[in-house]
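Q: Here it is, the structure, as structure tokens.
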Amino acid sequence: MNDVAQVLAGLGSRVGSRPGLVHAGRRASFTFLLEIGERPFLVELDRGRVAAVEEGPFVMRSWSFALRASAGTWQKFACRYPEPGFHDIFAMNRFGHCRIEGDIDVLLAHLGHVKAVLSCLRDDAS
Amino acid sequence: MIEPEPIVGRYLTVPVDGRDYRLYFEEAGRGCPLVCLHTAGAHSGQFRHLMCDETVTDRFRVIAFDMPWHGKSLPPAGWQDEEYRLTGRFYIDIIMTFIEALGLERPVVMGCSMGGRVVIRLARVCGDRLGGVIGLEGTDTPEPWYDSSWTGHPQFDTGEFCSALVSGLCAPHSPDEFRWETLWHYHQGAGGVFRGDMHFFRTADSEFVGDSGAIDTAACPVWLMTGEYDYSCTPEATLRTAARIPGAGTVIMERLGHFPMSENPAQFRGYLLPVLERLLEGRGT
């Protein structure tokens with residue numbers, strides 16, 4: 001099982017190594033917040049690529065939408081075979097493991113790409 | 001020469017409410033009719049693995065049709081001047097009209113998701129004409145897991161979005177090839193069709209809780225089968241529905257999600273075959 005914060009730091013190369021994924025997300029340029037417990041991270045997407053991952057704290061920085069969950073939840077999400085309820089951000093939201101907030105329109109407009117980027121956090125995605 | 005699959009596709013035009021609906025259907029096998037209903041926004045291709053499974057087709061005539069507006073079935077003439085909105089009454093009418101048009105004798109009807117919900121209603125109102133129902137990922141009441149305003153979002157009318165929306169409903173164990181084929185069905189959907197199906201699936205139009213208890217499962221056996229990874233129709237919701245239907249059988253399927261027949265057919269058949277066996281035994285054949 002990987003350390004999600006550590007993997008997050010290398011997310012750019014994981015995503016960048018999958019040209020099909022980058023192509024599919026070529027219209028995705030925005031920044032979202034991924035919170036692991038108390039630790040906030042901003043993930044900046046630029047035409048599908050992960051341009052930067054920056055750890056907070058931040059002072060009133062803007063972001064489009066936020067995905068907030070405990071370290072344990074992200075840990076479960078990042079397993080190759082997550083247990084039921086931890087295998088998808090909407091599953092985690094439905095069962096109260098994760099909060100999804102902010103500009104949901106941006107999330108919906110790029111839903112497939114956001115899910116694909118997050119799937120690169122998984123053990124088998126390196 | 002390469003041997004083709006045993007699946008044969010045909011077209012049939014049926015009248016419902018004074019309008020003609022040209023339906024595409026495909027089938028394989030012989031024996032007890034098994035009519036399969038696809039999920040919202042998808043098409044009959046979800047059942048292709050079942051139709052190529054000789055253990056099933058040796059004893060069942062497996063038939064799946066595309067609902068109007070879906071797959072290779074057409075919308076009715078004049079579709080360009082209306083908004084597609086599936087209603088419970090039309091859904092039941094088109095299923096029973098299709099069954100009667102083919103002259104099927106007491107078929108078993110197996111539907112998934114919105115198809116899994118409508119079969120519960122079918123068992124209640126048409127049970128005397130059926131040999132049983134199987135609700136895959138089916139409950140008797142809507143339990144929305146996203147805000148209703150999403151259906152008005154421009155992305156909601158695109159296949160790419162519909163695919164992404166349902167992608168998490170597959171189990172992580174499902175083979176990549178079949179998970180992505182399942183999602184491709186959603187990529188293929190025409191704009192507004194998935195949203196139109198939600199009119200049935202997410203509203204009081206498919207609220208059957210008050211009536212489920214009156215189903216006569218001695219006349220029409222009811223089986224509810226749900227994947228453990230399905231967070232749209234959860235195992236808990238399935239068990240609650242089954243508790244309202246005296247005599248209903250329930251199977252919670254491990255390592256499966258919302259699309260058992262198409263996302264992981266090998267895993268699914270292990271659960272389905274015993275249920276089909278029970279239905280055949282009850283039929284006395």
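Labeling convention for the structure tokens: chains A, B, ... as they appear, residues from 1 per chain, ligands from 1 in order of appearance.
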Env of segment 109-111 of chain A: 12 Å cut, atoms = only C-alpha atoms, seq-sep filter 2 positions within chain, self excluded. Answer as a ChimeraX atom specification.
A: /A:24-32,45,47-48,64-65,88-90,103-107,113-118 /B:150,153-168
Q: Save the residues we just selected, C-alpha atoms, as an mmCIF file, in the first residue's frame?
A:
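That gives us part.cif:
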```
data_model
loop_
_atom_site.group_PDB
_atom_site.id
_atom_site.type_symbol
_atom_site.label_atom_id
_atom_site.label_comp_id
_atom_site.auth_asym_id
_atom_site.auth_seq_id
_atom_site.Cartn_x
_atom_site.Cartn_y
_atom_site.Cartn_z
ATOM 1 C CA ALA A 24 -8.310 12.554 -23.526
ATOM 2 C CA GLY A 25 -7.888 15.367 -20.994
ATOM 3 C CA ARG A 26 -6.483 17.939 -23.387
ATOM 4 C CA ARG A 27 -9.252 20.434 -22.548
ATOM 5 C CA ALA A 28 -8.639 20.186 -18.800
ATOM 6 C CA SER A 29 -6.791 23.248 -17.457
ATOM 7 C CA PHE A 30 -7.712 24.140 -13.887
ATOM 8 C CA THR A 31 -6.578 23.615 -10.301
ATOM 9 C CA PHE A 32 -8.333 21.467 -7.729
ATOM 10 C CA LEU A 45 -3.824 20.615 -14.573
ATOM 11 C CA ARG A 47 -4.153 20.660 -21.023
ATOM 12 C CA GLY A 48 -4.520 17.301 -19.352
ATOM 13 C CA SER A 64 -12.118 25.052 -8.599
ATOM 14 C CA PHE A 65 -13.349 22.108 -6.540
ATOM 15 C CA ASP A 88 -14.539 5.757 -6.533
ATOM 16 C CA ILE A 89 -14.860 9.362 -5.367
ATOM 17 C CA PHE A 90 -18.651 9.260 -5.750
ATOM 18 C CA ASP A 103 -17.379 24.458 -8.407
ATOM 19 C CA ILE A 104 -19.019 21.145 -9.255
ATOM 20 C CA ASP A 105 -19.579 22.345 -12.839
ATOM 21 C CA VAL A 106 -15.811 22.133 -13.451
ATOM 22 C CA LEU A 107 -15.721 18.622 -12.018
ATOM 23 C CA HIS A 113 -10.188 13.070 -16.809
ATOM 24 C CA VAL A 114 -10.298 13.836 -13.090
ATOM 25 C CA LYS A 115 -11.124 10.203 -12.374
ATOM 26 C CA ALA A 116 -8.354 9.063 -14.706
ATOM 27 C CA VAL A 117 -5.812 11.340 -12.994
ATOM 28 C CA LEU A 118 -6.879 10.068 -9.575
ATOM 29 C CA TRP B 150 -26.815 17.503 -12.658
ATOM 30 C CA HIS B 153 -25.817 20.212 -16.905
ATOM 31 C CA PRO B 154 -24.791 20.409 -20.589
ATOM 32 C CA GLN B 155 -22.292 17.588 -20.039
ATOM 33 C CA PHE B 156 -25.075 15.253 -18.978
ATOM 34 C CA ASP B 157 -26.142 14.927 -22.617
ATOM 35 C CA THR B 158 -22.747 13.667 -23.772
ATOM 36 C CA GLY B 159 -21.676 10.056 -23.971
ATOM 37 C CA GLU B 160 -18.294 10.937 -22.531
ATOM 38 C CA PHE B 161 -19.869 12.269 -19.358
ATOM 39 C CA CYS B 162 -22.345 9.401 -18.981
ATOM 40 C CA SER B 163 -19.454 6.982 -19.283
ATOM 41 C CA ALA B 164 -17.445 8.829 -16.639
ATOM 42 C CA LEU B 165 -20.461 9.081 -14.346
ATOM 43 C CA VAL B 166 -21.087 5.327 -14.297
ATOM 44 C CA SER B 167 -17.446 4.260 -14.522
ATOM 45 C CA GLY B 168 -17.048 4.021 -10.755
#
```
Q: Report as a ChimeraX atom specification the set of chain A residues whose atoms approach chain B to within 6 Å, with distances computed over only C-alpha atoms.
A: /A:81,84,88,91,112
Q: Can those selected residues be exported to a file as a compact mmCIF listing (two decimals), in the first residue's frame so that it contains all heavy atoms?
A:
```txt
# COMPACT_ATOMS: atom_id res chain seq x y z
N TYR A 81 -7.00 -3.03 -5.41
CA TYR A 81 -8.39 -3.50 -5.32
C TYR A 81 -9.03 -2.91 -4.06
O TYR A 81 -9.10 -3.58 -3.03
CB TYR A 81 -8.45 -5.03 -5.28
CG TYR A 81 -7.89 -5.68 -6.52
CD1 TYR A 81 -6.68 -6.36 -6.50
CD2 TYR A 81 -8.59 -5.62 -7.73
CE1 TYR A 81 -6.17 -6.95 -7.65
CE2 TYR A 81 -8.09 -6.20 -8.88
CZ TYR A 81 -6.87 -6.86 -8.83
OH TYR A 81 -6.38 -7.44 -9.97
N PRO A 84 -15.23 -2.22 -1.26
CA PRO A 84 -16.44 -1.50 -1.71
C PRO A 84 -16.64 -0.21 -0.91
O PRO A 84 -16.45 -0.19 0.30
CB PRO A 84 -17.57 -2.50 -1.44
CG PRO A 84 -16.91 -3.85 -1.50
CD PRO A 84 -15.53 -3.64 -0.94
N ASP A 88 -14.18 4.66 -5.63
CA ASP A 88 -14.54 5.76 -6.53
C ASP A 88 -14.90 6.97 -5.68
O ASP A 88 -15.44 6.81 -4.58
CB ASP A 88 -15.73 5.32 -7.40
CG ASP A 88 -16.15 6.38 -8.38
OD1 ASP A 88 -15.50 6.50 -9.44
OD2 ASP A 88 -17.12 7.11 -8.09
N ALA A 91 -18.50 7.04 -4.79
CA ALA A 91 -18.81 6.02 -3.77
C ALA A 91 -18.40 6.54 -2.40
O ALA A 91 -19.16 6.46 -1.43
CB ALA A 91 -18.09 4.72 -4.09
N GLY A 112 -14.36 12.58 -16.48
CA GLY A 112 -13.59 11.42 -16.90
C GLY A 112 -12.10 11.62 -16.68
O GLY A 112 -11.40 10.72 -16.21
```
Q: Please identify which residues in segment 11-251 of chain B DSSP calls strand (DSSP E or B) from the backbone, and express them as a compact mmCIF listing (two decimals) with N, CA and C atoms, in the first residue's frame.
A:
```txt
# COMPACT_ATOMS: atom_id res chain seq x y z
N TYR B 11 -35.05 -7.03 -36.63
CA TYR B 11 -35.86 -5.85 -36.31
C TYR B 11 -37.33 -6.23 -36.29
N LEU B 12 -38.08 -5.47 -35.49
CA LEU B 12 -39.51 -5.74 -35.32
C LEU B 12 -40.17 -4.40 -35.01
N THR B 13 -41.30 -4.12 -35.66
CA THR B 13 -42.01 -2.88 -35.36
C THR B 13 -43.25 -3.18 -34.54
N VAL B 14 -43.35 -2.56 -33.37
CA VAL B 14 -44.50 -2.81 -32.49
C VAL B 14 -45.24 -1.50 -32.21
N PRO B 15 -46.58 -1.60 -32.08
CA PRO B 15 -47.35 -0.39 -31.76
C PRO B 15 -47.53 -0.24 -30.25
N VAL B 16 -47.28 0.96 -29.75
CA VAL B 16 -47.59 1.28 -28.35
C VAL B 16 -48.20 2.68 -28.32
N ARG B 19 -48.46 4.64 -31.58
CA ARG B 19 -47.26 4.99 -32.34
C ARG B 19 -46.47 3.71 -32.61
N ASP B 20 -45.78 3.71 -33.74
CA ASP B 20 -44.96 2.56 -34.10
C ASP B 20 -43.53 2.71 -33.58
N TYR B 21 -43.00 1.64 -33.06
CA TYR B 21 -41.61 1.62 -32.56
C TYR B 21 -40.85 0.50 -33.25
N ARG B 22 -39.87 0.88 -34.03
CA ARG B 22 -39.03 -0.13 -34.70
C ARG B 22 -37.91 -0.51 -33.74
N LEU B 23 -37.98 -1.77 -33.29
CA LEU B 23 -37.05 -2.25 -32.27
C LEU B 23 -36.01 -3.18 -32.88
N TYR B 24 -34.81 -3.05 -32.40
CA TYR B 24 -33.77 -4.03 -32.73
C TYR B 24 -33.69 -5.03 -31.57
N PHE B 25 -33.61 -6.31 -31.91
CA PHE B 25 -33.38 -7.29 -30.85
C PHE B 25 -32.41 -8.35 -31.35
N GLU B 26 -31.74 -8.98 -30.42
CA GLU B 26 -30.87 -10.09 -30.79
C GLU B 26 -31.11 -11.25 -29.85
N GLU B 27 -30.79 -12.44 -30.35
CA GLU B 27 -31.09 -13.61 -29.54
C GLU B 27 -30.16 -14.76 -29.87
N ALA B 28 -30.15 -15.73 -28.96
CA ALA B 28 -29.40 -16.97 -29.17
C ALA B 28 -29.99 -18.02 -28.25
N CYS B 32 -36.58 -22.17 -22.61
CA CYS B 32 -37.33 -21.15 -21.86
C CYS B 32 -36.91 -19.75 -22.29
N PRO B 33 -37.88 -18.91 -22.68
CA PRO B 33 -37.48 -17.54 -23.08
C PRO B 33 -36.93 -16.76 -21.89
N LEU B 34 -35.82 -16.09 -22.12
CA LEU B 34 -35.19 -15.23 -21.11
C LEU B 34 -35.01 -13.86 -21.75
N VAL B 35 -35.89 -12.93 -21.41
CA VAL B 35 -35.86 -11.59 -22.01
C VAL B 35 -34.99 -10.68 -21.14
N CYS B 36 -34.00 -10.05 -21.76
CA CYS B 36 -33.02 -9.26 -21.00
C CYS B 36 -33.20 -7.77 -21.29
N LEU B 37 -33.20 -6.98 -20.24
CA LEU B 37 -33.41 -5.52 -20.34
C LEU B 37 -32.14 -4.79 -19.94
N PHE B 60 -32.07 -22.04 -22.56
CA PHE B 60 -32.79 -20.76 -22.60
C PHE B 60 -32.67 -20.11 -23.97
N ARG B 61 -33.77 -19.55 -24.42
CA ARG B 61 -33.74 -18.68 -25.59
C ARG B 61 -33.52 -17.26 -25.06
N VAL B 62 -32.29 -16.79 -25.15
CA VAL B 62 -31.93 -15.50 -24.57
C VAL B 62 -32.20 -14.40 -25.60
N ILE B 63 -33.04 -13.46 -25.23
CA ILE B 63 -33.46 -12.39 -26.16
C ILE B 63 -33.26 -11.04 -25.48
N ALA B 64 -32.62 -10.12 -26.17
CA ALA B 64 -32.45 -8.76 -25.62
C ALA B 64 -32.83 -7.76 -26.70
N PHE B 65 -33.63 -6.77 -26.33
CA PHE B 65 -33.96 -5.73 -27.31
C PHE B 65 -33.46 -4.37 -26.83
N VAL B 108 -39.01 -15.65 -18.58
CA VAL B 108 -38.32 -15.03 -17.45
C VAL B 108 -37.81 -13.69 -17.96
N VAL B 109 -38.02 -12.63 -17.19
CA VAL B 109 -37.52 -11.31 -17.59
C VAL B 109 -36.42 -10.90 -16.61
N MET B 110 -35.25 -10.62 -17.18
CA MET B 110 -34.10 -10.20 -16.36
C MET B 110 -33.67 -8.82 -16.81
N GLY B 111 -33.71 -7.86 -15.90
CA GLY B 111 -33.31 -6.50 -16.25
C GLY B 111 -32.25 -6.00 -15.29
N CYS B 112 -31.46 -5.04 -15.76
CA CYS B 112 -30.39 -4.50 -14.94
C CYS B 112 -30.60 -3.01 -14.69
N GLY B 132 -41.09 -15.63 -14.12
CA GLY B 132 -40.21 -15.15 -13.06
C GLY B 132 -39.47 -13.91 -13.51
N VAL B 133 -38.93 -13.19 -12.55
CA VAL B 133 -38.11 -12.01 -12.88
C VAL B 133 -36.81 -12.07 -12.11
N ILE B 134 -35.78 -11.52 -12.73
CA ILE B 134 -34.49 -11.36 -12.06
C ILE B 134 -34.12 -9.88 -12.14
N GLY B 135 -34.02 -9.26 -11.00
CA GLY B 135 -33.60 -7.86 -10.95
C GLY B 135 -32.10 -7.80 -10.65
N LEU B 136 -31.34 -7.42 -11.66
CA LEU B 136 -29.91 -7.21 -11.45
C LEU B 136 -29.74 -5.76 -11.03
N VAL B 222 -39.31 -14.05 -7.77
CA VAL B 222 -38.50 -12.82 -7.87
C VAL B 222 -37.11 -13.08 -7.29
N TRP B 223 -36.10 -12.77 -8.08
CA TRP B 223 -34.71 -12.86 -7.61
C TRP B 223 -34.06 -11.50 -7.75
N LEU B 224 -33.37 -11.05 -6.71
CA LEU B 224 -32.64 -9.79 -6.76
C LEU B 224 -31.16 -10.09 -6.57
N MET B 225 -30.37 -9.67 -7.55
CA MET B 225 -28.93 -9.97 -7.53
C MET B 225 -28.15 -8.67 -7.67
N THR B 226 -27.30 -8.39 -6.70
CA THR B 226 -26.60 -7.09 -6.68
C THR B 226 -25.11 -7.26 -6.39
N GLY B 227 -24.30 -6.53 -7.11
CA GLY B 227 -22.86 -6.55 -6.91
C GLY B 227 -22.45 -5.73 -5.70
N GLY B 249 -35.90 -14.07 -3.58
CA GLY B 249 -34.55 -14.57 -3.35
C GLY B 249 -33.55 -13.45 -3.56
N THR B 250 -32.48 -13.47 -2.80
CA THR B 250 -31.47 -12.41 -2.92
C THR B 250 -30.08 -13.01 -3.03
N VAL B 251 -29.29 -12.43 -3.90
CA VAL B 251 -27.89 -12.85 -4.04
C VAL B 251 -27.03 -11.59 -4.07
```
Q: Record the distance separating atom CA of Gln46 of chain B and atom CA of Glu263 of chain B, expressed in Å with one decimal.
A: 8.6 Å
Q: Between A:Val50, A:Ile36, A:Ala66, A:Leu121, which is the closest to Ile100 of chain A once you count only C-alpha atoms?
A: A:Ala66
Q: Taking the backbone alone, and naming residues the way the document does, which bits of segment 145-204 of chain B are helix (DSSP H, G or I) by DSSP, as JSON, numbers by chain?
A: {"B": [148, 149, 150, 151, 152, 154, 155, 156, 157, 159, 160, 161, 162, 163, 164, 165, 166, 167, 176, 177, 178, 179, 180, 181, 182, 183, 184, 185, 186, 187, 188, 193, 194, 195, 196, 197, 198, 199, 200, 201, 204]}
Q: Considering only C-alpha atoms, return as a PyMOL selection string whatever protein or nucleic-acid residues lie within 10 Å of Gly16 of chain A, sequence-local ones (same chain, fewer than 2 positions apart) excluded.
A: chain A and resi 11-14+18-22+48-51+117
Q: Find the residues near Ala9 of chain A: any atom within 9 Å, counting only C-alpha atoms, skip ones fewer than 4 places away on the same chain, and give them as a count of residues only.
A: 6
Q: With only C-alpha atoms as the counted atoms, please give the residues lying no more than 12 Å from Glu177 of chain B, apart from itself and same-chain residues fewer than 5 positions off, as JSON, numbers by chain.
A: {"B": [182, 183, 184, 262, 263, 264, 265]}
Q: Convert the current residue selection to file output with N, CA and C atoms, as a short mmCIF file (atom, residue, chain, number, x, y, z; two decimals), in the first residue's frame.
A:
```cif
data_model
loop_
_atom_site.label_atom_id
_atom_site.label_comp_id
_atom_site.auth_asym_id
_atom_site.auth_seq_id
_atom_site.Cartn_x
_atom_site.Cartn_y
_atom_site.Cartn_z
N THR B 182 -18.08 -1.95 -21.47
CA THR B 182 -19.31 -1.52 -20.78
C THR B 182 -19.44 0.01 -20.87
N LEU B 183 -18.33 0.70 -20.67
CA LEU B 183 -18.37 2.17 -20.72
C LEU B 183 -18.56 2.67 -22.15
N TRP B 184 -18.06 1.91 -23.11
CA TRP B 184 -18.24 2.30 -24.51
C TRP B 184 -19.73 2.39 -24.86
N SER B 262 -21.91 -7.56 -18.16
CA SER B 262 -20.97 -7.07 -19.18
C SER B 262 -19.60 -6.71 -18.61
N GLU B 263 -19.52 -6.35 -17.32
CA GLU B 263 -18.21 -5.93 -16.79
C GLU B 263 -17.34 -7.12 -16.40
N ASN B 264 -17.99 -8.24 -16.02
CA ASN B 264 -17.22 -9.43 -15.63
C ASN B 264 -18.09 -10.67 -15.81
N PRO B 265 -18.31 -11.06 -17.07
CA PRO B 265 -19.25 -12.15 -17.34
C PRO B 265 -18.86 -13.47 -16.69
#
```
Q: Would you work out the distance separating atom CA of Leu104 of chain B from atom CA of Cys220 of chain B, expressed in Å to one decimal?
A: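 Computing the Euclidean distance for atom CA of Leu104 of chain B and atom CA of Cys220 of chain B yields 15.4 Å.
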Q: Can you tell me, as a list of chain:residue names, what residues are no more than 6 Å from Asp66 of chain B when counting only C-alpha atoms, ignoring any on the same chain fewer than 4 positions away?
A: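 Everything that qualifies: B:Tyr24, B:His43, B:Ser44, B:His70, B:Gly71, B:Ser73.
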Q: Just to be explicit: take each residue in the selection above, keep all heavy atoms, and write the result as a PDB file, in the first residue's frame.
A:
```
ATOM      1  N   TYR B  24     -34.811  -3.054 -32.399  1.00  0.00           N
ATOM      2  CA  TYR B  24     -33.770  -4.031 -32.726  1.00  0.00           C
ATOM      3  C   TYR B  24     -33.688  -5.028 -31.574  1.00  0.00           C
ATOM      4  O   TYR B  24     -33.744  -4.641 -30.399  1.00  0.00           O
ATOM      5  CB  TYR B  24     -32.413  -3.340 -32.879  1.00  0.00           C
ATOM      6  CG  TYR B  24     -31.275  -4.328 -33.002  1.00  0.00           C
ATOM      7  CD1 TYR B  24     -31.057  -5.030 -34.178  1.00  0.00           C
ATOM      8  CD2 TYR B  24     -30.443  -4.590 -31.907  1.00  0.00           C
ATOM      9  CE1 TYR B  24     -30.030  -5.953 -34.278  1.00  0.00           C
ATOM     10  CE2 TYR B  24     -29.406  -5.508 -32.006  1.00  0.00           C
ATOM     11  CZ  TYR B  24     -29.214  -6.187 -33.196  1.00  0.00           C
ATOM     12  OH  TYR B  24     -28.212  -7.114 -33.281  1.00  0.00           O
ATOM     13  N   HIS B  43     -27.434  -0.362 -24.247  1.00  0.00           N
ATOM     14  CA  HIS B  43     -28.171  -1.156 -25.240  1.00  0.00           C
ATOM     15  C   HIS B  43     -27.974  -2.645 -24.998  1.00  0.00           C
ATOM     16  O   HIS B  43     -27.243  -3.056 -24.086  1.00  0.00           O
ATOM     17  CB  HIS B  43     -27.789  -0.754 -26.677  1.00  0.00           C
ATOM     18  CG  HIS B  43     -26.332  -0.885 -26.998  1.00  0.00           C
ATOM     19  ND1 HIS B  43     -25.693  -2.101 -27.120  1.00  0.00           N
ATOM     20  CD2 HIS B  43     -25.378   0.059 -27.208  1.00  0.00           C
ATOM     21  CE1 HIS B  43     -24.424  -1.898 -27.413  1.00  0.00           C
ATOM     22  NE2 HIS B  43     -24.191  -0.592 -27.468  1.00  0.00           N
ATOM     23  N   SER B  44     -28.599  -3.445 -25.855  1.00  0.00           N
ATOM     24  CA  SER B  44     -28.683  -4.890 -25.626  1.00  0.00           C
ATOM     25  C   SER B  44     -27.332  -5.595 -25.696  1.00  0.00           C
ATOM     26  O   SER B  44     -27.212  -6.742 -25.248  1.00  0.00           O
ATOM     27  CB  SER B  44     -29.632  -5.517 -26.654  1.00  0.00           C
ATOM     28  OG  SER B  44     -29.166  -5.253 -27.977  1.00  0.00           O
ATOM     29  N   HIS B  70     -32.556   3.860 -28.016  1.00  0.00           N
ATOM     30  CA  HIS B  70     -31.281   3.268 -27.610  1.00  0.00           C
ATOM     31  C   HIS B  70     -30.747   2.341 -28.699  1.00  0.00           C
ATOM     32  O   HIS B  70     -31.522   1.709 -29.430  1.00  0.00           O
ATOM     33  CB  HIS B  70     -31.440   2.432 -26.340  1.00  0.00           C
ATOM     34  CG  HIS B  70     -31.916   3.196 -25.142  1.00  0.00           C
ATOM     35  ND1 HIS B  70     -33.179   3.716 -25.045  1.00  0.00           N
ATOM     36  CD2 HIS B  70     -31.285   3.528 -23.989  1.00  0.00           C
ATOM     37  CE1 HIS B  70     -33.317   4.333 -23.878  1.00  0.00           C
ATOM     38  NE2 HIS B  70     -32.173   4.235 -23.220  1.00  0.00           N
ATOM     39  N   GLY B  71     -29.418   2.202 -28.727  1.00  0.00           N
ATOM     40  CA  GLY B  71     -28.790   1.232 -29.611  1.00  0.00           C
ATOM     41  C   GLY B  71     -29.257   1.391 -31.044  1.00  0.00           C
ATOM     42  O   GLY B  71     -29.230   2.485 -31.611  1.00  0.00           O
ATOM     43  N   SER B  73     -32.383   0.540 -32.051  1.00  0.00           N
ATOM     44  CA  SER B  73     -33.820   0.835 -32.126  1.00  0.00           C
ATOM     45  C   SER B  73     -34.004   2.320 -32.412  1.00  0.00           C
ATOM     46  O   SER B  73     -33.173   3.141 -32.006  1.00  0.00           O
ATOM     47  CB  SER B  73     -34.524   0.485 -30.812  1.00  0.00           C
ATOM     48  OG  SER B  73     -34.560  -0.908 -30.617  1.00  0.00           O
TER      49      SER B  73
END
```
Q: With only C-alpha atoms as the basis for distance, which of A:Arg99, A:Asp3, A:Phe41, A:Trp74 is at the shortest distance from His87 of chain A?
A: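 For His87 of chain A, the nearest of the candidates is A:Trp74.
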Q: If we count only C-alpha atoms and set the cut-off at 7 Å, which residues sit around Leu67 of chain A, ignoring sequence neighbours fewer than 4 positions away in its own chain? Please answer as a ChimeraX atom specification.
A: /A:33-35,98-101
Q: Can you tell me how far atom CA of Glu3 of chain B sits from atom CA of Cys52 of chain B, in Å to one decimal?
A: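 Atom CA of Cys52 of chain B lies at a distance of 12.5 Å from atom CA of Glu3 of chain B.
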